[in-house]
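Everything below belongs to run.cif, which stores mmCIF, C-alpha atoms; chains and numbers go by the auth columns.
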```cif
data_run
#
loop_
_atom_site.group_PDB
_atom_site.id
_atom_site.type_symbol
_atom_site.label_atom_id
_atom_site.label_comp_id
_atom_site.label_asym_id
_atom_site.label_seq_id
_atom_site.Cartn_x
_atom_site.Cartn_y
_atom_site.Cartn_z
_atom_site.B_iso_or_equiv
_atom_site.auth_seq_id
_atom_site.auth_asym_id
ATOM 1 C CA MET A 1 -127.891 35.916 73.753 0.00 1 Q
ATOM 2 C CA THR A 2 -126.352 33.225 75.932 0.00 2 Q
ATOM 3 C CA GLN A 3 -124.027 30.279 75.586 0.00 3 Q
ATOM 4 C CA GLN A 4 -122.770 28.229 78.540 0.00 4 Q
ATOM 5 C CA PRO A 5 -122.104 24.608 79.594 0.00 5 Q
ATOM 6 C CA PHE A 6 -124.388 22.853 82.074 0.00 6 Q
ATOM 7 C CA SER A 7 -123.392 19.382 83.211 0.00 7 Q
ATOM 8 C CA GLN A 8 -125.627 16.572 84.374 0.00 8 Q
ATOM 9 C CA GLU A 9 -125.728 12.782 84.153 0.00 9 Q
ATOM 10 C CA PRO A 10 -125.812 11.087 81.755 0.00 10 Q
ATOM 11 C CA PHE A 11 -125.657 14.007 79.349 0.00 11 Q
ATOM 12 C CA LEU A 12 -124.230 17.477 79.019 0.00 12 Q
ATOM 13 C CA VAL A 13 -125.801 20.670 77.704 0.00 13 Q
ATOM 14 C CA SER A 14 -122.702 21.469 75.698 0.00 14 Q
ATOM 15 C CA GLY A 15 -124.102 24.466 73.837 0.00 15 Q
ATOM 16 C CA LEU A 16 -126.804 26.988 74.613 0.00 16 Q
ATOM 17 C CA HIS A 17 -127.830 29.987 72.543 0.00 17 Q
ATOM 18 C CA GLY A 18 -130.822 32.285 72.093 0.00 18 Q
ATOM 19 C CA ASP A 19 -131.582 35.194 69.794 0.00 19 Q
ATOM 20 C CA GLN A 20 -134.482 36.969 68.087 0.00 20 Q
ATOM 21 C CA ILE A 21 -135.409 39.087 65.061 0.00 21 Q
ATOM 22 C CA LEU A 22 -138.202 41.562 64.350 0.00 22 Q
ATOM 23 C CA GLY A 23 -139.378 39.990 61.092 0.00 23 Q
ATOM 24 C CA ALA A 24 -141.796 42.360 59.323 0.00 24 Q
ATOM 25 C CA ARG A 25 -142.944 43.886 62.629 0.00 25 Q
ATOM 26 C CA SER A 26 -141.944 47.339 63.893 0.00 26 Q
ATOM 27 C CA ASN A 27 -141.477 46.279 67.522 0.00 27 Q
ATOM 28 C CA GLN A 28 -140.420 43.174 69.399 0.00 28 Q
ATOM 29 C CA GLN A 29 -143.221 41.434 71.326 0.00 29 Q
ATOM 30 C CA ASP A 30 -141.258 38.251 72.126 0.00 30 Q
ATOM 31 C CA SER A 31 -139.242 37.972 75.347 0.00 31 Q
ATOM 32 C CA PHE A 32 -136.996 35.169 76.588 0.00 32 Q
ATOM 33 C CA SER A 33 -134.664 34.258 79.399 0.00 33 Q
ATOM 34 C CA ILE A 34 -132.313 31.445 80.406 0.00 34 Q
ATOM 35 C CA LEU A 35 -132.339 30.642 84.115 0.00 35 Q
ATOM 36 C CA ALA A 36 -129.701 28.566 85.872 0.00 36 Q
ATOM 37 C CA GLY A 37 -130.400 27.048 89.288 0.00 37 Q
ATOM 38 C CA ASP A 38 -128.610 24.518 91.460 0.00 38 Q
ATOM 39 C CA ASP A 39 -130.689 21.641 90.102 0.00 39 Q
ATOM 40 C CA ALA A 40 -131.975 22.822 86.727 0.00 40 Q
ATOM 41 C CA LEU A 41 -131.551 24.946 83.660 0.00 41 Q
ATOM 42 C CA VAL A 42 -134.760 26.592 82.422 0.00 42 Q
ATOM 43 C CA LEU A 43 -135.338 28.058 78.971 0.00 43 Q
ATOM 44 C CA VAL A 44 -138.396 30.316 79.033 0.00 44 Q
ATOM 45 C CA LEU A 45 -140.050 32.274 76.221 0.00 45 Q
ATOM 46 C CA ALA A 46 -143.157 34.460 75.960 0.00 46 Q
ATOM 47 C CA ASP A 47 -144.859 35.779 72.816 0.00 47 Q
ATOM 48 C CA GLY A 48 -147.008 38.815 73.578 0.00 48 Q
ATOM 49 C CA MET A 49 -150.192 40.050 71.961 0.00 49 Q
ATOM 50 C CA GLY A 50 -152.345 43.130 72.344 0.00 50 Q
ATOM 51 C CA GLY A 51 -151.540 46.127 70.189 0.00 51 Q
ATOM 52 C CA TYR A 52 -148.308 47.990 69.567 0.00 52 Q
ATOM 53 C CA THR A 53 -146.987 48.111 73.148 0.00 53 Q
ATOM 54 C CA GLY A 54 -149.374 45.745 74.945 0.00 54 Q
ATOM 55 C CA GLY A 55 -147.800 42.539 73.692 0.00 55 Q
ATOM 56 C CA GLU A 56 -144.303 43.710 74.505 0.00 56 Q
ATOM 57 C CA LEU A 57 -145.309 44.641 78.053 0.00 57 Q
ATOM 58 C CA ALA A 58 -147.205 41.376 78.575 0.00 58 Q
ATOM 59 C CA SER A 59 -144.351 39.127 77.450 0.00 59 Q
ATOM 60 C CA ARG A 60 -141.818 40.992 79.555 0.00 60 Q
ATOM 61 C CA ALA A 61 -144.131 40.813 82.579 0.00 61 Q
ATOM 62 C CA ALA A 62 -144.614 37.069 82.156 0.00 62 Q
ATOM 63 C CA ILE A 63 -140.874 36.411 81.929 0.00 63 Q
ATOM 64 C CA GLU A 64 -140.263 38.607 84.985 0.00 64 Q
ATOM 65 C CA GLY A 65 -142.968 36.891 87.027 0.00 65 Q
ATOM 66 C CA PHE A 66 -141.883 33.402 85.998 0.00 66 Q
ATOM 67 C CA SER A 67 -138.201 34.134 86.689 0.00 67 Q
ATOM 68 C CA GLN A 68 -138.821 35.584 90.137 0.00 68 Q
ATOM 69 C CA ALA A 69 -140.954 32.603 91.159 0.00 69 Q
ATOM 70 C CA PHE A 70 -138.403 30.128 89.786 0.00 70 Q
ATOM 71 C CA GLU A 71 -135.641 31.721 91.854 0.00 71 Q
ATOM 72 C CA ARG A 72 -137.839 31.943 94.950 0.00 72 Q
ATOM 73 C CA GLU A 73 -139.452 28.495 94.972 0.00 73 Q
ATOM 74 C CA ASN A 74 -137.663 25.368 96.190 0.00 74 Q
ATOM 75 C CA ARG A 75 -140.150 22.555 95.621 0.00 75 Q
ATOM 76 C CA SER A 76 -140.568 19.691 93.167 0.00 76 Q
ATOM 77 C CA PRO A 77 -140.153 20.634 89.482 0.00 77 Q
ATOM 78 C CA GLY A 78 -143.870 20.275 88.742 0.00 78 Q
ATOM 79 C CA LYS A 79 -145.004 22.410 91.675 0.00 79 Q
ATOM 80 C CA ARG A 80 -142.257 24.914 90.967 0.00 80 Q
ATOM 81 C CA MET A 81 -143.268 25.330 87.316 0.00 81 Q
ATOM 82 C CA LYS A 82 -146.961 25.549 88.213 0.00 82 Q
ATOM 83 C CA ALA A 83 -146.218 28.267 90.758 0.00 83 Q
ATOM 84 C CA ALA A 84 -144.056 30.117 88.226 0.00 84 Q
ATOM 85 C CA VAL A 85 -146.855 30.142 85.624 0.00 85 Q
ATOM 86 C CA THR A 86 -149.273 31.465 88.262 0.00 86 Q
ATOM 87 C CA ALA A 87 -146.761 34.206 89.120 0.00 87 Q
ATOM 88 C CA ALA A 88 -146.310 35.051 85.432 0.00 88 Q
ATOM 89 C CA ASN A 89 -150.061 35.386 84.961 0.00 89 Q
ATOM 90 C CA GLU A 90 -150.334 37.556 88.066 0.00 90 Q
ATOM 91 C CA GLN A 91 -147.585 39.827 86.761 0.00 91 Q
ATOM 92 C CA VAL A 92 -149.502 40.264 83.498 0.00 92 Q
ATOM 93 C CA ARG A 93 -152.599 41.173 85.549 0.00 93 Q
ATOM 94 C CA THR A 94 -150.578 43.810 87.403 0.00 94 Q
ATOM 95 C CA VAL A 95 -149.362 45.377 84.160 0.00 95 Q
ATOM 96 C CA ARG A 96 -152.872 45.444 82.713 0.00 96 Q
ATOM 97 C CA LYS A 97 -154.143 47.141 85.875 0.00 97 Q
ATOM 98 C CA LYS A 98 -151.416 49.798 85.705 0.00 98 Q
ATOM 99 C CA ARG A 99 -152.309 50.547 82.086 0.00 99 Q
ATOM 100 C CA GLY A 100 -155.888 51.123 83.173 0.00 100 Q
ATOM 101 C CA LYS A 101 -157.221 49.446 80.069 0.00 101 Q
ATOM 102 C CA GLU A 102 -159.408 46.388 79.734 0.00 102 Q
ATOM 103 C CA ASP A 103 -157.866 45.422 76.426 0.00 103 Q
ATOM 104 C CA GLU A 104 -156.859 41.971 75.250 0.00 104 Q
ATOM 105 C CA MET A 105 -153.229 42.265 76.286 0.00 105 Q
ATOM 106 C CA GLY A 106 -151.749 38.856 76.992 0.00 106 Q
ATOM 107 C CA THR A 107 -148.988 36.443 76.153 0.00 107 Q
ATOM 108 C CA THR A 108 -148.089 32.844 75.531 0.00 108 Q
ATOM 109 C CA LEU A 109 -145.428 31.150 77.640 0.00 109 Q
ATOM 110 C CA VAL A 110 -143.317 28.030 77.268 0.00 110 Q
ATOM 111 C CA ALA A 111 -140.615 26.878 79.677 0.00 111 Q
ATOM 112 C CA ALA A 112 -138.295 23.882 79.276 0.00 112 Q
ATOM 113 C CA TRP A 113 -136.822 22.552 82.529 0.00 113 Q
ATOM 114 C CA ILE A 114 -133.598 20.590 81.980 0.00 114 Q
ATOM 115 C CA GLY A 115 -132.734 18.788 85.202 0.00 115 Q
ATOM 116 C CA LEU A 116 -130.676 15.871 86.428 0.00 116 Q
ATOM 117 C CA GLU A 117 -133.049 13.258 84.987 0.00 117 Q
ATOM 118 C CA GLY A 118 -133.964 14.933 81.697 0.00 118 Q
ATOM 119 C CA LEU A 119 -136.648 17.327 80.481 0.00 119 Q
ATOM 120 C CA ARG A 120 -139.879 18.672 81.943 0.00 120 Q
ATOM 121 C CA TRP A 121 -141.963 21.537 80.632 0.00 121 Q
ATOM 122 C CA VAL A 122 -144.921 23.841 81.035 0.00 122 Q
ATOM 123 C CA SER A 123 -146.660 25.836 78.308 0.00 123 Q
ATOM 124 C CA VAL A 124 -149.671 28.052 77.691 0.00 124 Q
ATOM 125 C CA GLY A 125 -150.619 29.119 74.176 0.00 125 Q
ATOM 126 C CA ASP A 126 -148.924 28.221 70.911 0.00 126 Q
ATOM 127 C CA SER A 127 -145.216 28.814 71.470 0.00 127 Q
ATOM 128 C CA LEU A 128 -143.174 25.770 70.542 0.00 128 Q
ATOM 129 C CA LEU A 129 -141.061 23.194 72.353 0.00 129 Q
ATOM 130 C CA LEU A 130 -139.331 21.103 69.699 0.00 130 Q
ATOM 131 C CA LEU A 131 -136.854 18.248 69.682 0.00 131 Q
ATOM 132 C CA ILE A 132 -134.513 17.422 66.819 0.00 132 Q
ATOM 133 C CA ARG A 133 -133.411 13.807 67.234 0.00 133 Q
ATOM 134 C CA GLU A 134 -131.836 11.539 64.619 0.00 134 Q
ATOM 135 C CA GLU A 135 -132.472 14.131 61.890 0.00 135 Q
ATOM 136 C CA LYS A 136 -136.214 14.369 62.630 0.00 136 Q
ATOM 137 C CA MET A 137 -138.156 17.135 64.371 0.00 137 Q
ATOM 138 C CA PHE A 138 -140.823 16.455 67.011 0.00 138 Q
ATOM 139 C CA LEU A 139 -143.296 18.813 68.686 0.00 139 Q
ATOM 140 C CA LEU A 140 -143.291 18.038 72.416 0.00 140 Q
ATOM 141 C CA ASN A 141 -145.851 20.399 73.951 0.00 141 Q
ATOM 142 C CA ASP A 142 -149.571 20.789 73.315 0.00 142 Q
ATOM 143 C CA LEU A 143 -150.504 23.871 71.290 0.00 143 Q
ATOM 144 C CA HIS A 144 -153.544 25.684 72.610 0.00 144 Q
ATOM 145 C CA GLN A 145 -155.119 26.590 69.291 0.00 145 Q
ATOM 146 C CA TYR A 146 -158.665 26.196 67.992 0.00 146 Q
ATOM 147 C CA SER A 147 -157.209 23.780 65.438 0.00 147 Q
ATOM 148 C CA ALA A 148 -157.330 21.001 68.076 0.00 148 Q
ATOM 149 C CA GLU A 149 -161.110 21.435 68.448 0.00 149 Q
ATOM 150 C CA LEU A 150 -161.516 21.550 64.666 0.00 150 Q
ATOM 151 C CA GLU A 151 -159.586 18.291 64.300 0.00 151 Q
ATOM 152 C CA ARG A 152 -161.841 16.683 66.924 0.00 152 Q
ATOM 153 C CA MET A 153 -164.932 17.870 65.039 0.00 153 Q
ATOM 154 C CA ALA A 154 -163.507 16.479 61.800 0.00 154 Q
ATOM 155 C CA ASP A 155 -162.827 13.125 63.480 0.00 155 Q
ATOM 156 C CA GLU A 156 -166.435 13.038 64.676 0.00 156 Q
ATOM 157 C CA GLY A 157 -167.687 13.898 61.181 0.00 157 Q
ATOM 158 C CA SER A 158 -169.460 17.131 62.162 0.00 158 Q
ATOM 159 C CA ILE A 159 -167.255 19.049 59.719 0.00 159 Q
ATOM 160 C CA SER A 160 -165.095 17.909 56.822 0.00 160 Q
ATOM 161 C CA ARG A 161 -161.322 17.635 57.014 0.00 161 Q
ATOM 162 C CA GLU A 162 -161.079 20.379 54.393 0.00 162 Q
ATOM 163 C CA GLU A 163 -163.287 22.677 56.479 0.00 163 Q
ATOM 164 C CA ALA A 164 -161.077 22.024 59.498 0.00 164 Q
ATOM 165 C CA LEU A 165 -157.906 22.852 57.571 0.00 165 Q
ATOM 166 C CA ASN A 166 -159.315 26.039 56.043 0.00 166 Q
ATOM 167 C CA HIS A 167 -161.265 27.427 58.996 0.00 167 Q
ATOM 168 C CA PRO A 168 -160.432 31.160 59.443 0.00 168 Q
ATOM 169 C CA SER A 169 -160.070 30.772 63.220 0.00 169 Q
ATOM 170 C CA ARG A 170 -157.896 27.661 63.019 0.00 170 Q
ATOM 171 C CA HIS A 171 -154.887 29.342 64.624 0.00 171 Q
ATOM 172 C CA SER A 172 -156.795 31.333 67.259 0.00 172 Q
ATOM 173 C CA LEU A 173 -155.532 30.776 70.787 0.00 173 Q
ATOM 174 C CA THR A 174 -157.653 28.837 73.258 0.00 174 Q
ATOM 175 C CA SER A 175 -155.418 29.681 76.222 0.00 175 Q
ATOM 176 C CA ALA A 176 -153.039 32.510 77.155 0.00 176 Q
ATOM 177 C CA LEU A 177 -151.761 34.442 80.159 0.00 177 Q
ATOM 178 C CA MET A 178 -154.032 37.496 80.383 0.00 178 Q
ATOM 179 C CA GLY A 179 -154.187 38.115 84.115 0.00 179 Q
ATOM 180 C CA ARG A 180 -157.360 36.064 84.379 0.00 180 Q
ATOM 181 C CA GLU A 181 -158.115 32.381 84.872 0.00 181 Q
ATOM 182 C CA VAL A 182 -155.939 30.342 82.500 0.00 182 Q
ATOM 183 C CA PRO A 183 -158.140 27.844 80.608 0.00 183 Q
ATOM 184 C CA LEU A 184 -155.438 25.360 79.602 0.00 184 Q
ATOM 185 C CA VAL A 185 -151.935 24.608 80.874 0.00 185 Q
ATOM 186 C CA ASP A 186 -149.708 21.870 79.460 0.00 186 Q
ATOM 187 C CA LEU A 187 -147.633 20.732 82.441 0.00 187 Q
ATOM 188 C CA ARG A 188 -145.282 17.783 81.933 0.00 188 Q
ATOM 189 C CA GLU A 189 -144.163 16.602 85.372 0.00 189 Q
ATOM 190 C CA GLU A 190 -142.941 13.184 84.267 0.00 190 Q
ATOM 191 C CA CYS A 191 -139.345 13.271 83.103 0.00 191 Q
ATOM 192 C CA PHE A 192 -138.741 13.092 79.340 0.00 192 Q
ATOM 193 C CA PRO A 193 -135.326 11.550 78.558 0.00 193 Q
ATOM 194 C CA LEU A 194 -132.699 13.440 76.575 0.00 194 Q
ATOM 195 C CA PHE A 195 -129.839 11.793 74.691 0.00 195 Q
ATOM 196 C CA PRO A 196 -126.516 12.870 73.181 0.00 196 Q
ATOM 197 C CA GLY A 197 -127.080 14.376 69.746 0.00 197 Q
ATOM 198 C CA ASP A 198 -130.459 15.917 70.660 0.00 198 Q
ATOM 199 C CA ARG A 199 -131.185 19.565 69.867 0.00 199 Q
ATOM 200 C CA LEU A 200 -133.872 21.065 72.092 0.00 200 Q
ATOM 201 C CA LEU A 201 -135.586 24.155 70.654 0.00 201 Q
ATOM 202 C CA VAL A 202 -137.821 26.705 72.384 0.00 202 Q
ATOM 203 C CA ALA A 203 -139.394 28.997 69.793 0.00 203 Q
ATOM 204 C CA SER A 204 -142.093 31.578 69.175 0.00 204 Q
ATOM 205 C CA ASP A 205 -144.635 30.728 66.488 0.00 205 Q
ATOM 206 C CA GLY A 206 -142.835 33.058 64.070 0.00 206 Q
ATOM 207 C CA VAL A 207 -140.174 30.359 63.730 0.00 207 Q
ATOM 208 C CA GLY A 208 -142.574 27.490 63.001 0.00 208 Q
ATOM 209 C CA PRO A 209 -143.334 28.038 59.279 0.00 209 Q
ATOM 210 C CA TYR A 210 -139.646 28.187 58.364 0.00 210 Q
ATOM 211 C CA LEU A 211 -138.820 25.000 60.282 0.00 211 Q
ATOM 212 C CA ASP A 212 -141.831 23.262 58.706 0.00 212 Q
ATOM 213 C CA SER A 213 -140.536 24.202 55.253 0.00 213 Q
ATOM 214 C CA LEU A 214 -137.260 22.350 55.765 0.00 214 Q
ATOM 215 C CA GLY A 215 -137.166 18.882 54.293 0.00 215 Q
ATOM 216 C CA PRO A 216 -135.045 15.911 55.408 0.00 216 Q
ATOM 217 C CA ALA A 217 -131.879 17.542 54.095 0.00 217 Q
ATOM 218 C CA GLY A 218 -132.597 20.663 56.138 0.00 218 Q
ATOM 219 C CA MET A 219 -133.151 18.663 59.318 0.00 219 Q
ATOM 220 C CA ARG A 220 -129.964 16.727 58.658 0.00 220 Q
ATOM 221 C CA TYR A 221 -128.079 20.007 58.312 0.00 221 Q
ATOM 222 C CA LEU A 222 -129.492 21.472 61.534 0.00 222 Q
ATOM 223 C CA SER A 223 -128.605 18.251 63.387 0.00 223 Q
ATOM 224 C CA MET A 224 -124.938 18.836 62.617 0.00 224 Q
ATOM 225 C CA LEU A 225 -124.790 22.437 63.866 0.00 225 Q
ATOM 226 C CA SER A 226 -123.827 23.782 67.256 0.00 226 Q
ATOM 227 C CA ALA A 227 -126.508 25.610 69.238 0.00 227 Q
ATOM 228 C CA GLU A 228 -125.223 29.012 68.155 0.00 228 Q
ATOM 229 C CA GLU A 229 -124.881 27.964 64.511 0.00 229 Q
ATOM 230 C CA LEU A 230 -128.390 26.486 64.478 0.00 230 Q
ATOM 231 C CA VAL A 231 -130.037 29.607 65.878 0.00 231 Q
ATOM 232 C CA ARG A 232 -128.123 31.827 63.473 0.00 232 Q
ATOM 233 C CA SER A 233 -128.947 29.608 60.490 0.00 233 Q
ATOM 234 C CA VAL A 234 -132.689 29.540 61.224 0.00 234 Q
ATOM 235 C CA LEU A 235 -133.057 33.263 61.924 0.00 235 Q
ATOM 236 C CA GLU A 236 -130.962 34.191 58.889 0.00 236 Q
ATOM 237 C CA GLY A 237 -133.135 31.882 56.787 0.00 237 Q
ATOM 238 C CA ILE A 238 -136.299 33.614 58.024 0.00 238 Q
ATOM 239 C CA ASN A 239 -134.813 37.016 57.220 0.00 239 Q
ATOM 240 C CA ARG A 240 -133.693 35.804 53.813 0.00 240 Q
ATOM 241 C CA ASP A 241 -137.195 34.579 52.934 0.00 241 Q
ATOM 242 C CA SER A 242 -138.605 38.030 53.849 0.00 242 Q
ATOM 243 C CA ALA A 243 -142.234 36.906 54.167 0.00 243 Q
ATOM 244 C CA PRO A 244 -144.423 40.046 54.015 0.00 244 Q
ATOM 245 C CA ASN A 245 -146.313 39.158 57.212 0.00 245 Q
ATOM 246 C CA GLN A 246 -143.385 37.605 59.062 0.00 246 Q
ATOM 247 C CA ASP A 247 -143.977 37.722 62.821 0.00 247 Q
ATOM 248 C CA ASN A 248 -141.286 38.315 65.426 0.00 248 Q
ATOM 249 C CA ALA A 249 -139.123 35.204 65.630 0.00 249 Q
ATOM 250 C CA THR A 250 -137.293 34.029 68.749 0.00 250 Q
ATOM 251 C CA LEU A 251 -135.315 30.813 69.097 0.00 251 Q
ATOM 252 C CA ILE A 252 -133.367 29.194 71.935 0.00 252 Q
ATOM 253 C CA CYS A 253 -131.381 26.008 71.315 0.00 253 Q
ATOM 254 C CA ALA A 254 -129.812 23.617 73.821 0.00 254 Q
ATOM 255 C CA GLU A 255 -127.288 21.166 72.358 0.00 255 Q
ATOM 256 C CA ILE A 256 -127.075 17.819 74.151 0.00 256 Q
ATOM 257 C CA ALA A 257 -123.805 15.860 74.204 0.00 257 Q
ATOM 258 C CA GLU A 258 -122.265 13.023 76.192 0.00 258 Q
ATOM 259 C CA ALA A 259 -121.089 13.936 79.672 0.00 259 Q
#
```
Could you render the structure as structure tokens?
Amino acid sequence: MTQQPFSQEPFLVSGLHGDQILGARSNQQDSFSILAGDDALVLVLADGMGGYTGGELASRAAIEGFSQAFERENRSPGKRMKAAVTAANEQVRTVRKKRGKEDEMGTTLVAAWIGLEGLRWVSVGDSLLLLIREEKMFLLNDLHQYSAELERMADEGSISREEALNHPSRHSLTSALMGREVPLVDLREECFPLFPGDRLLVASDGVGPYLDSLGPAGMRYLSMLSAEELVRSVLEGINRDSAPNQDNATLICAEIAEA
């Protein structure tokens, strides 16, 4: 749980907060960290998978590997993030090797780089990078789910739109950090501008359904909250709904204001 100022032109990260809940799970398989360097602030989150302890170990390994590479590297943002993802994947491979099991232990990863010119990011899997701007919410990163292939097939007419929406494997991952070759990486090297009033969210997929359920009034309400208030409101809302299959939920929010 972190809150700190981070100044840069022409905006200021005036509020920063992260927290997580178990949901209906018995252990926490999400991990997150907030890294501050001389030229950037990085919000990084991993959502593990692979049995009771495997997912927890994988997400922690990915965050550790990413963080160490971020602190060690001193290159351009794109090369630095690419190297950090490679290091995260290698750390997952090391953990799998120590366990001596060829199971499906792995993790997603999303990292938001807030630098002097704005936002860059890298992601693998289906963890979320979201922007709340002018009372509307936007998904910024590509989600590596089978749903993208299903939508393409529906566009081509090989399956119906209904079949695409109801396919049992719709939400299966098409890329993850598993200590092997990573099929897909969404790396945004070009700077994405941030403006005063923005709320930048990094979230595990356990947060997504609740945010999707909020209408215009809900987005308007979140737009008025500080980073800490927003995270608390969302996680309390998820707990209050008490969905029987609620996944772990982790949320980091950066509040953008005028410098």
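With atom CA of Ser26 of chain Q on one side and atom CA of Glu56 of chain Q on the other, the separation reads 11.5 Å.
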Please tabulate, as CSV, the residues of segment 72-145 of chain Q that come within 12 Å of segment 150-171 of chain Q, each with its closest pair of atoms and the distance in Å to one decimal, counting only C-alpha atoms and ordering rows by chain, then residue number upward.
```
residue,atom,partner,partner_atom,distance
Q:Gly125,CA,Q:His171,CA,10.5
Q:Asp126,CA,Q:His171,CA,8.7
Q:Ser127,CA,Q:His171,CA,11.9
Q:Leu143,CA,Q:His171,CA,9.7
Q:His144,CA,Q:His171,CA,8.9
Q:Gln145,CA,Q:His171,CA,5.4
```
Find the residues around Asn27 of chain Q up to 12 Å (only C-alpha atoms counted), leave out those fewer than 6 positions away in its own chain, and share them as an MDAnalysis selection string. chainID Q and resid 20:21 48:49 51:57 247:249
Nearest candidate to Thr107 of chain Q (options Q:His17, Q:Lys136, Q:Arg93, Q:Arg188; using only C-alpha atoms): Q:Arg93
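Put simply, atom CA of Gly208 of chain Q is 26.4 Å away from atom CA of Thr86 of chain Q.
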Find the residue from Q:Leu187, Q:Met219, Q:Ala87, Q:Leu119 that sits nearest to Glu135 of chain Q; use all atoms listed in the file when measuring.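 Of Q:Leu187, Q:Met219, Q:Ala87, Q:Leu119, the one nearest Glu135 of chain Q is Q:Met219, counting all atoms listed in the file.
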Identify all residues satisfying the PyMOL selection byres ((chain Q and resi 239) around 12) in the given file; provide them as a list in words.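 Going through the file, the PyMOL selection byres ((chain Q and resi 239) around 12) ends up selecting Gln20, Ile21, Leu22, Gly23, Ala24, Arg25, Gly206, Val207, Tyr210, Arg232, Ser233, Val234, Leu235, Glu236, Gly237, Ile238, Arg240, Asp241, Ser242, Ala243, Pro244, Asn245, Gln246, Asp247, Asn248 and Ala249 of chain Q.
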Applying 10 Å and all atoms listed in the file, which residues near segment 31-36 of chain Q remain after dropping the ones on its own chain fewer than 2 positions away? List them as an NGL selection string. :Q and (1-3 or 6 or 16-20 or 28-29 or 38-48 or 55-64 or 66-67 or 70-71 or 107 or 109-114 or 202-204 or 250-252)
Given the selection you just returned, output its residues as a file containing C-alpha atoms, formatted as a PDB file, in the frame of the given file.
```
ATOM      1  CA  MET Q   1    -127.891  35.916  73.753  1.00  0.00           C
ATOM      2  CA  THR Q   2    -126.352  33.225  75.932  1.00  0.00           C
ATOM      3  CA  GLN Q   3    -124.027  30.279  75.586  1.00  0.00           C
ATOM      4  CA  PHE Q   6    -124.388  22.853  82.074  1.00  0.00           C
ATOM      5  CA  LEU Q  16    -126.804  26.988  74.613  1.00  0.00           C
ATOM      6  CA  HIS Q  17    -127.830  29.987  72.543  1.00  0.00           C
ATOM      7  CA  GLY Q  18    -130.822  32.285  72.093  1.00  0.00           C
ATOM      8  CA  ASP Q  19    -131.582  35.194  69.794  1.00  0.00           C
ATOM      9  CA  GLN Q  20    -134.482  36.969  68.087  1.00  0.00           C
ATOM     10  CA  GLN Q  28    -140.420  43.174  69.399  1.00  0.00           C
ATOM     11  CA  GLN Q  29    -143.221  41.434  71.326  1.00  0.00           C
ATOM     12  CA  ASP Q  38    -128.610  24.518  91.460  1.00  0.00           C
ATOM     13  CA  ASP Q  39    -130.689  21.641  90.102  1.00  0.00           C
ATOM     14  CA  ALA Q  40    -131.975  22.822  86.727  1.00  0.00           C
ATOM     15  CA  LEU Q  41    -131.551  24.946  83.660  1.00  0.00           C
ATOM     16  CA  VAL Q  42    -134.760  26.592  82.422  1.00  0.00           C
ATOM     17  CA  LEU Q  43    -135.338  28.058  78.971  1.00  0.00           C
ATOM     18  CA  VAL Q  44    -138.396  30.316  79.033  1.00  0.00           C
ATOM     19  CA  LEU Q  45    -140.050  32.274  76.221  1.00  0.00           C
ATOM     20  CA  ALA Q  46    -143.157  34.460  75.960  1.00  0.00           C
ATOM     21  CA  ASP Q  47    -144.859  35.779  72.816  1.00  0.00           C
ATOM     22  CA  GLY Q  48    -147.008  38.815  73.578  1.00  0.00           C
ATOM     23  CA  GLY Q  55    -147.800  42.539  73.692  1.00  0.00           C
ATOM     24  CA  GLU Q  56    -144.303  43.710  74.505  1.00  0.00           C
ATOM     25  CA  LEU Q  57    -145.309  44.641  78.053  1.00  0.00           C
ATOM     26  CA  ALA Q  58    -147.205  41.376  78.575  1.00  0.00           C
ATOM     27  CA  SER Q  59    -144.351  39.127  77.450  1.00  0.00           C
ATOM     28  CA  ARG Q  60    -141.818  40.992  79.555  1.00  0.00           C
ATOM     29  CA  ALA Q  61    -144.131  40.813  82.579  1.00  0.00           C
ATOM     30  CA  ALA Q  62    -144.614  37.069  82.156  1.00  0.00           C
ATOM     31  CA  ILE Q  63    -140.874  36.411  81.929  1.00  0.00           C
ATOM     32  CA  GLU Q  64    -140.263  38.607  84.985  1.00  0.00           C
ATOM     33  CA  PHE Q  66    -141.883  33.402  85.998  1.00  0.00           C
ATOM     34  CA  SER Q  67    -138.201  34.134  86.689  1.00  0.00           C
ATOM     35  CA  PHE Q  70    -138.403  30.128  89.786  1.00  0.00           C
ATOM     36  CA  GLU Q  71    -135.641  31.721  91.854  1.00  0.00           C
ATOM     37  CA  THR Q 107    -148.988  36.443  76.153  1.00  0.00           C
ATOM     38  CA  LEU Q 109    -145.428  31.150  77.640  1.00  0.00           C
ATOM     39  CA  VAL Q 110    -143.317  28.030  77.268  1.00  0.00           C
ATOM     40  CA  ALA Q 111    -140.615  26.878  79.677  1.00  0.00           C
ATOM     41  CA  ALA Q 112    -138.295  23.882  79.276  1.00  0.00           C
ATOM     42  CA  TRP Q 113    -136.822  22.552  82.529  1.00  0.00           C
ATOM     43  CA  ILE Q 114    -133.598  20.590  81.980  1.00  0.00           C
ATOM     44  CA  VAL Q 202    -137.821  26.705  72.384  1.00  0.00           C
ATOM     45  CA  ALA Q 203    -139.394  28.997  69.793  1.00  0.00           C
ATOM     46  CA  SER Q 204    -142.093  31.578  69.175  1.00  0.00           C
ATOM     47  CA  THR Q 250    -137.293  34.029  68.749  1.00  0.00           C
ATOM     48  CA  LEU Q 251    -135.315  30.813  69.097  1.00  0.00           C
ATOM     49  CA  ILE Q 252    -133.367  29.194  71.935  1.00  0.00           C
TER      50      ILE Q 252
END
```
Shell of 10 Å around Gly78 of chain Q, all atoms listed in the file, local chain residues under 4 positions omitted, as a compact mmCIF listing (two decimals) with C-alpha atoms, in the coordinates of the input:
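Once everything was written out, this is part.txt:
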```
# COMPACT_ATOMS: atom_id res chain seq x y z
CA LYS Q 82 -146.96 25.55 88.21
CA ALA Q 83 -146.22 28.27 90.76
CA ALA Q 84 -144.06 30.12 88.23
CA TRP Q 113 -136.82 22.55 82.53
CA ARG Q 120 -139.88 18.67 81.94
CA TRP Q 121 -141.96 21.54 80.63
CA VAL Q 122 -144.92 23.84 81.04
CA LEU Q 187 -147.63 20.73 82.44
CA ARG Q 188 -145.28 17.78 81.93
CA GLU Q 189 -144.16 16.60 85.37
CA GLU Q 190 -142.94 13.18 84.27
```
